[in-house]
Every structure is written in structure tokens, then in C-alpha cells.
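Undergrad: Once you've had a glance at the structure underneath, I'll fire off some questions.
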Amino acid sequence: MADAWWKQSVVYQIYPRSFKDSNGDGIGDLNGITEKLDYLKELGIDVIWLSPVYESPNDDNGYDISNYRGIMKEFGTMEDYDRMLSAAHERGIKIVMDLVVNHTSDEHPWFVESRKSEDNPYRDYYIWREGKDGKEPNNWESCFSGPAWEYDKETDMYYLHLFSKKQPDLNWDNPKVRDEVFDMMDWWCKKGIDGFRMDVISMISKVPGLPDGELNEKGYGDFGPYVCNGPHVHEYLQEMNRRVLSKYDLLTVGECSGVTVEEAKKYANNAGTELSMVFQFEHMDLDGGESMKWCDRKINLVELKETLSKWQEELYQKAWNSLYWCNHDQPRIVSRLGNPSEEYREVSAKMLGTCLHMMQGTPYIYQGEELGMTNVPFEKLEDFRDIESIHAYEEFVGKGLIQPEDMMYYLRYKSRDNARTPMQWDDSENAGFTTGNPWIMVNPNYREINAKEQLSREDSVFHYYQKLIRLRKEYPVIVQGRYSLLLPEDERLYVYQRALDGQILLVICNFTDREVSYKVPEELKGREKKVLISNYSRETADDSVALKAYEAVVLLYE
Ligand code: GLC
Ligand code: CA
């Protein structure tokens with residue numbers, strides 16, 4: 001486990017719908033991905049995590065699966081998939097599939113059967129309950145607004161859906177469900193895939209009795225304490241590990257809403273009895289507010305350092321971290337923690353990349369992050385496609401909890417659609433993503449921000465990310481070194497060290513648009529060092545450094 005390949009790897013996430021359209025229907029597809037593998041090879045990544053490509057009615061863009069062994073028609077065929085898989089493997093790139101098994105689509109044949117009658121053999125594949133006084137069985141709110149229960153008149157009962165009503169939750173307490181899921185996983189492993197990213201896997205085991213949750217401003221209850229890291233989750237993952245994962249050499253990463261470091265030590269334990277690593281949310285939740293994420297609060301640097309440092313320190317030699325700023329559920333990081341202005345966009349994107357990539361763990365890059373892609377100037381509700389954003393608008397505005405203009409502003413800042421507009425390949429129409437009509441608007445800044453321009457320019461964000469990836473492969477201290485935080489209370493700088501066998505890596509990042517001076521720690525003064533990477537082409541650094549706006553510099557003391 002100490003030198004597992006996934007500890008040395010950098011992962012690139014593809015959201016297929018928005019990556020590259022090969023046939024002009026406005027929707028990205030598998031052949032589009034195959035076309036762009038050389039681009040990813042050039043970037044230097046080792047693994048692709050593919051957001052879902054399975055058959056789906058697309059209520060939640062593929063996170064509602066109606067056939068786990070079939071490819072979504074819009075994305076191509078199983079032959080296209082196989083071609084992509086072998087083309088990736090030929091280039092030394094591994095493929096990790098998204099595994100969405102907390103729920104299926106309501107159009108999955110299991111659910112179609114399940115809702116037919118109480119004695120249907122598939123009934124217990126899902127979570128059905130009687131109503132309470134003519135209302136839902138409990139007060140839980142779904143993640144996409146409204147009750148987490150849907151009434152079904154066929155049997156006069158309700159089914160649980162923690163997400164949309166087209167995403168009924170599977171009943172993991174039923175051993176048949178586990179058999180089905182494990183068989184299906186085994187089938188994909190036999191095809192030669194290299195791992196799974198497990199969607200909301202921390203939510204598969206619910207507390208029996210499904211008790212009411214604490215009420216929020218909208219009058220719904222919070223299911224969190226009864227769903228996240230539930231009573232049997234570790235048992236089920238250990239079973240999955242014994243029956244499937246342990247037979248192959250895989251990268252597994254669990255998306256674990258509500259995970260704490262204590263829980264993560266179990267999920268991602270070094271003995272390898274569950275998963276390789278988890279995605280935690282504590283650093284991404286720092287700008288949340290009362291109305292969930294719908295506010296314009298900024299992430300506070302001192303809190304960010306405290307949170308990330310806790311994960312770095314507490315998992316050290318006990319479990320493995322994942323490192324991310326971005327994914328298909330998060331707004332763009334330059335717009336959130338950096339500075340998207342023309343003057344500072346590139347340096348701040350590079351600074352954020354440095355800050356993350358020099359930490360311990362497996363880094364994840366989300367498509368376009370390597371170009372410093374930004375949030376999108378959506379103008380009106382109709383510009384959005386994401387079910388979460390649209391429902392949240394209806395709910396908060398409809399109930400008079402947030403004014404329409406404010407909600408639009410929050411959506412522009414936080415909506416998942418910020419990550420989902422087409423990848424910006426070049427400055428031709430629609431950013432070279434499609435020759436047709438894109439399924440969601442293209443960010444108008446594609447004429448300035450695009451891959452073609454960045455590939456041609458040596459000091460681009462792309463080439464900077466390429467170097468960050470290369471450094472990780474050249475310097476074991478980046479993979480293995482012990483992390484320690486310096487200046488925990490400083491509100492402008494994020495400074496940390498990594499140490500391995502007498503080598504020290506000093507990572508200095510200025511999170512502000514002002515010049516900030518910094519003195520290296522006493523014990524490093526006067527010591528021989530070199531600059532490993534810098535976003536201002538700094539070649540040397542004194543013991544006292546005047547950092548420019550958003551400057552990042554990494555020093556290696558041998
Ligand atoms: C995860 C996915 C998200 C999806 C949800 C329901 O959080 O990342 O995109 O909407 O699960 O499957
Ligand atoms: Ca297409």
C-alpha cells in the first residue's frame with residue numbers, strides 16, 4: 001500500500017457532456033474524449049475519472065442510471081467505450097468509472113418492478129414506507145429541494161429519494177441489492193477498468209426507523225445524522241472490498257458527504273479493507289451559510305488552513321487524502337478563492353494549483369481547471385440546466401426566503417453549472433466544443449481562455465499544471481513528505497512545509513492582491529535551496545521574500 005500507484009497519480013475528471021462533441025449534436029461524447037486523449041497525455045495526468053456515461057434519462061445528467069451495463073445513447077455505444085478504454089490504456093492512462101449506487105433512476109427496471117406491488121420480488125430493492133397522517137413518512141428534505149419522499153398511488157405508499165424524485169434510493173440492507181451491485185462492478189472490472197469513484201457512498205446505510213431530522217427555515221428536516229456514515233456503511237464497503245475490489249488493482253474514491261477525519265480513517269484505512277481514499281467536504285463547506293450554499297460568503301483563509309491542515313496531519317500514515325478544489329458540483333476555484341480579473345486570473349489560478357498540488361494526497365484536476373476557466377456570466381434562470389440550481393431558485397424565491405435578484409447572484413456564484421459549461425478548446429465558434437448547438441451556453445470568455453492559446457504559450461496555466469504534475473513524479477517529498485503548517489493565524493499567506501529524509505519543501509502562497517513579505521523559519525535560514533516552481537518566474541529567493549500579488553513559490557532545501 002505504501003507505494004500504491006494511485007498514491008503517485010494525478011487524476012483528471014471529465015464531465016463527458018461538456019468535454020468534446022464529436023458529431024455536432026451539441027452534447028459531448030465518448031468519441032470526443034478519445035479525440036482528446038493526446039491533450040491529456042501532454043498534460044501528464046495518469047488517470048481519468050469519467051462522470052457517468054451509463055444509460056440515463058438525464059434528470060441529473062447521468063447520476064440517475066437506468067442501465068448500469070449500457071452506454072447513454074447521446075454519448076455513443078459500448079464499442080465507442082471499448083475503443084476509448086483501449087486508446088487510453090495505450091497511452092498509459094487509466095480509467096476510473098463513476099459508480100452511482102446509492103440510488104438508481106426511477107426508470108431502472110428494478111424500480112419499474114418495485115413500484116408495481118408490495119409483493120413484487122423487487123419491492124425491497126428500494127425504501128418504501130406508509131405515510132404518516134396523510135403526509136410523508138418523515139420530515140426529511142431532499143438535496144434538490146422539497147420532501148425526500150414521493151407518494152406512489154399504485155400501492156398508496158411513499159419511496160425515499162435523497163436526491164430528485166427520479167432517483168429512488170436503493171435499500172442496501174437487502175442482500176440481493178448488494179449482490180446485484182457487486183456483480184455489476186465485477187463486470188466492469190473484467191472489462192479492464194482501473195477503479196471507481198463512488199457517488200455519495202457515505203449515504204448508503206440509513207439509521208433504522210428513519211427518524212425526523214432537525215427543522216430548517218424551509219420547514220424540512222435534515223437527514224444528515226441518520227444517513228451519512230450510517231450504521232452499516234463500513235460493513236457493506238468491507239463486503240464490497242472482499243467480494244470485488246480486492247480481486248483487482250484499483251483506485252477507489254468514495255464521495256463522502258458528512259465525513260469526518262475519524263470516519264475517513266476507516267473508509268480509507270491503510271490496511272486497504274475499504275477504499276483507497278475519500279472526498280471530504282469540510283474545506284468546500286467553509287463558505288456555506290444559513291440557506292445551505294446559497295450565499296456570497298467567502299472562504300476565510302485561516303479557517304481553510306485549519307481545515308486542510310487537520311486532514312493532512314490526521315490522516316498521515318493512517319489513511320490517504322484526496323486533494324481537490326474543483327469538480328462538476330463546485331463553482332470554478334479562480335472565481336471562488338482566486339481572482340478572475342484579467343490582471344490576476346492566471347497568477348491566482350497557478351497559486352491555487354501550487355497550494356493544492358504540493359500537499360499530501362492524490363490531486364484531482366477538473367476539466368478546464370488546467371486553463372484557469374472561470375465562473376460563467378449566466379443572465380437568467382433559463383440559462384441554467386442544473387436541477388439543483390433550478391429547484392433551489394424555485395424553493396427559496398417561491399417561499400420568499402431570498403429575493404430573486406439575490407438568488408440569481410448566488411446562483412452565478414455557486415451553481416454547479418459554472419463547472420458544466422463546455423470545455424474551451426479554441427477561439428472558434430462555441431469554443432471548438434461543438435459544431436452544433438451546445439446543450440448549455442459557452443462561457444463568452446472562450447476567445448481569451450482556451451486550450452489552443454495556452455498550448456502555444458509557455459507561461460500559460462496549462463504549462464504550469466503540466467509542471468506541477470511532473471514535479472510530483474520527480475520528488476518523492478511531494479508524495480511522501482510529512483506536512484506541517486506555518487503561520488496558522490496569518491490572514492494573507494498559506495505557508496506549509498513537507499519533510500522527508502532531511503529534505504524540506506517550503507510552499508509559500510500569497511492569497512491576496514497585495515505584496516506581502518515573508519521570512520523563512522530560523523532553522524532554514526542560510527541553507528542551500530532551489531526554487532522548484534514559481535508563478536512569477538522567480539529564480540532565487542532570499543530568506544526574506546517580498547511576495548507579489550497571488551505569488552506562489554516552492555523552495556526545496558536539500
Ligand atoms: C453526487 C454527484 C452529484 C449528484 C449527486 C446525486 O453528489 O457528484 O453530481 O447530483 O451525487 O447522484
Ligand atoms: Ca455528441
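How things are named: the first chain in the C-alpha cells is A, the next is B, and so on; residues count from 1 in each chain; ligands count from 1 in the order shown.
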Please give me, as a list in words, the residues lying within 7 Å of ligand 1 when counting only C-alpha atoms and all ligand atoms.
TA: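 Final answer, ordered by chain and number: Asp60, Tyr63, Asp64, Val100, Phe163, Asp199, Val200, His328 and Asp329 of chain A.
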Undergrad: Could the residues of chain A that have an atom at most 7 Å from ligand 2 be listed as a Markdown table, each with its closest atom pair and the distance in Å to one decimal, counting only C-alpha atoms and all ligand atoms and ordered by chain and ascending residue number?
TA:
| residue | atom | partner | partner_atom_place_in_ligand_line | distance |
| --- | --- | --- | --- | --- |
| A:Asp21 | CA | ligand 2 | 1 (Ca) | 4.3 |
| A:Ser22 | CA | ligand 2 | 1 (Ca) | 5.2 |
| A:Asn23 | CA | ligand 2 | 1 (Ca) | 4.8 |
| A:Gly24 | CA | ligand 2 | 1 (Ca) | 5.7 |
| A:Asp25 | CA | ligand 2 | 1 (Ca) | 4.8 |
| A:Gly26 | CA | ligand 2 | 1 (Ca) | 5.7 |
| A:Ile27 | CA | ligand 2 | 1 (Ca) | 4.2 |
| A:Gly28 | CA | ligand 2 | 1 (Ca) | 4.7 |
| A:Asp29 | CA | ligand 2 | 1 (Ca) | 4.9 |
| A:Glu74 | CA | ligand 2 | 1 (Ca) | 6.2 |
| A:Phe75 | CA | ligand 2 | 1 (Ca) | 6.2 |
Undergrad: From a DSSP pass on the backbone, collect the residues of range 214-455 of chain A flagged as alpha helix (DSSP H) and hand them back as JSON, numbers by chain.
TA: {"A": [224, 225, 226, 227, 233, 234, 235, 236, 237, 238, 239, 240, 241, 242, 243, 261, 262, 263, 264, 265, 266, 267, 301, 302, 303, 304, 305, 306, 307, 308, 309, 310, 311, 312, 313, 314, 315, 333, 334, 335, 336, 345, 346, 347, 348, 349, 350, 351, 352, 353, 354, 355, 356, 357, 387, 388, 389, 390, 391, 392, 393, 394, 395, 396, 397, 398, 404, 405, 406, 407, 408, 409, 410, 411, 412, 413, 414, 451, 452, 453, 454, 455]}
Undergrad: Let me make sure I understand: among A:Asn138, A:Ser117, A:Gln480, A:Ser428, which one has the smallest atom-to-atom distance to Tyr220 in chain A if we use only C-alpha atoms?
TA: A:Asn138
Undergrad: With only C-alpha atoms as the counted atoms, please give the residues lying no more than 6 Å from Val507 in chain A, apart from itself and same-chain residues fewer than 5 positions off, as a CSV table (one decimal) with N, CA, C and O atoms, in the first residue's frame.
TA:
chain,number,residue,atom,x,y,z
A,495,VAL,N,1.3,29.1,4.2
A,495,VAL,CA,2.7,28.6,4.2
A,495,VAL,C,2.8,27.2,4.8
A,495,VAL,O,2.2,27.1,6.0
A,496,TYR,N,3.3,26.2,4.2
A,496,TYR,CA,3.5,24.9,4.8
A,496,TYR,C,4.8,24.3,4.3
A,496,TYR,O,5.4,24.7,3.4
A,554,VAL,N,7.8,27.6,-4.4
A,554,VAL,CA,8.1,26.4,-3.7
A,554,VAL,C,9.6,26.3,-3.6
A,554,VAL,O,10.3,26.2,-4.7
Undergrad: Could you name the residues that touch Glu539 in chain A at 10 Å or less, counting only C-alpha atoms, but leaving out those on the same chain fewer than 6 positions away, as a PDB file with N, CA and C atoms, in the first residue's frame?
TA:
ATOM      1  N   LYS A 530      16.750  25.468  -3.642  1.00  0.00           N
ATOM      2  CA  LYS A 530      16.439  25.881  -5.011  1.00  0.00           C
ATOM      3  C   LYS A 530      14.948  26.116  -5.172  1.00  0.00           C
ATOM      4  N   VAL A 531      14.620  26.934  -6.160  1.00  0.00           N
ATOM      5  CA  VAL A 531      13.213  27.212  -6.441  1.00  0.00           C
ATOM      6  C   VAL A 531      12.693  26.094  -7.343  1.00  0.00           C
ATOM      7  N   LEU A 532      11.711  25.335  -6.851  1.00  0.00           N
ATOM      8  CA  LEU A 532      11.167  24.247  -7.681  1.00  0.00           C
ATOM      9  C   LEU A 532      10.168  24.774  -8.693  1.00  0.00           C
ATOM     10  N   ILE A 533       9.340  25.700  -8.264  1.00  0.00           N
ATOM     11  CA  ILE A 533       8.354  26.272  -9.181  1.00  0.00           C
ATOM     12  C   ILE A 533       7.924  27.628  -8.635  1.00  0.00           C
ATOM     13  N   VAL A 553       5.517  30.337  -4.401  1.00  0.00           N
ATOM     14  CA  VAL A 553       6.871  29.855  -4.675  1.00  0.00           C
ATOM     15  C   VAL A 553       7.127  28.617  -3.815  1.00  0.00           C
TER      16      VAL A 553
END
Undergrad: Residues of range 277-385 of chain A that have any atom at most 12 Å from an atom of range 35-43 of chain A: could you tabulate them with the shortest-distance atom pair and the distance in Å to one decimal, using only C-alpha atoms, ordered by chain and increasing number, as a Markdown table?
TA:
| residue | atom | partner | partner_atom | distance |
| --- | --- | --- | --- | --- |
| A:Ile365 | CA | A:Leu43 | CA | 10.7 |
| A:Tyr366 | CA | A:Leu40 | CA | 11.8 |
| A:Gln367 | CA | A:Leu40 | CA | 10.0 |
| A:Gly368 | CA | A:Leu40 | CA | 11.4 |
| A:Glu369 | CA | A:Leu43 | CA | 11.8 |
| A:Glu370 | CA | A:Leu43 | CA | 8.6 |
| A:Leu371 | CA | A:Leu43 | CA | 10.9 |
Undergrad: Point out the residue among A:Gln13, A:Trp188, A:Pro175, A:Leu304 with the least atom-to-atom distance to Tyr54 in chain A, counting only C-alpha atoms.
TA: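 Between A:Gln13, A:Trp188, A:Pro175, A:Leu304, the residue approaching Tyr54 in chain A most closely is A:Trp188.
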Undergrad: Could you give me the residues within range 16-79 of chain A that DSSP places in strand (DSSP E), as number ranges by chain?
TA: A: 47-50, 54-55, 67-71
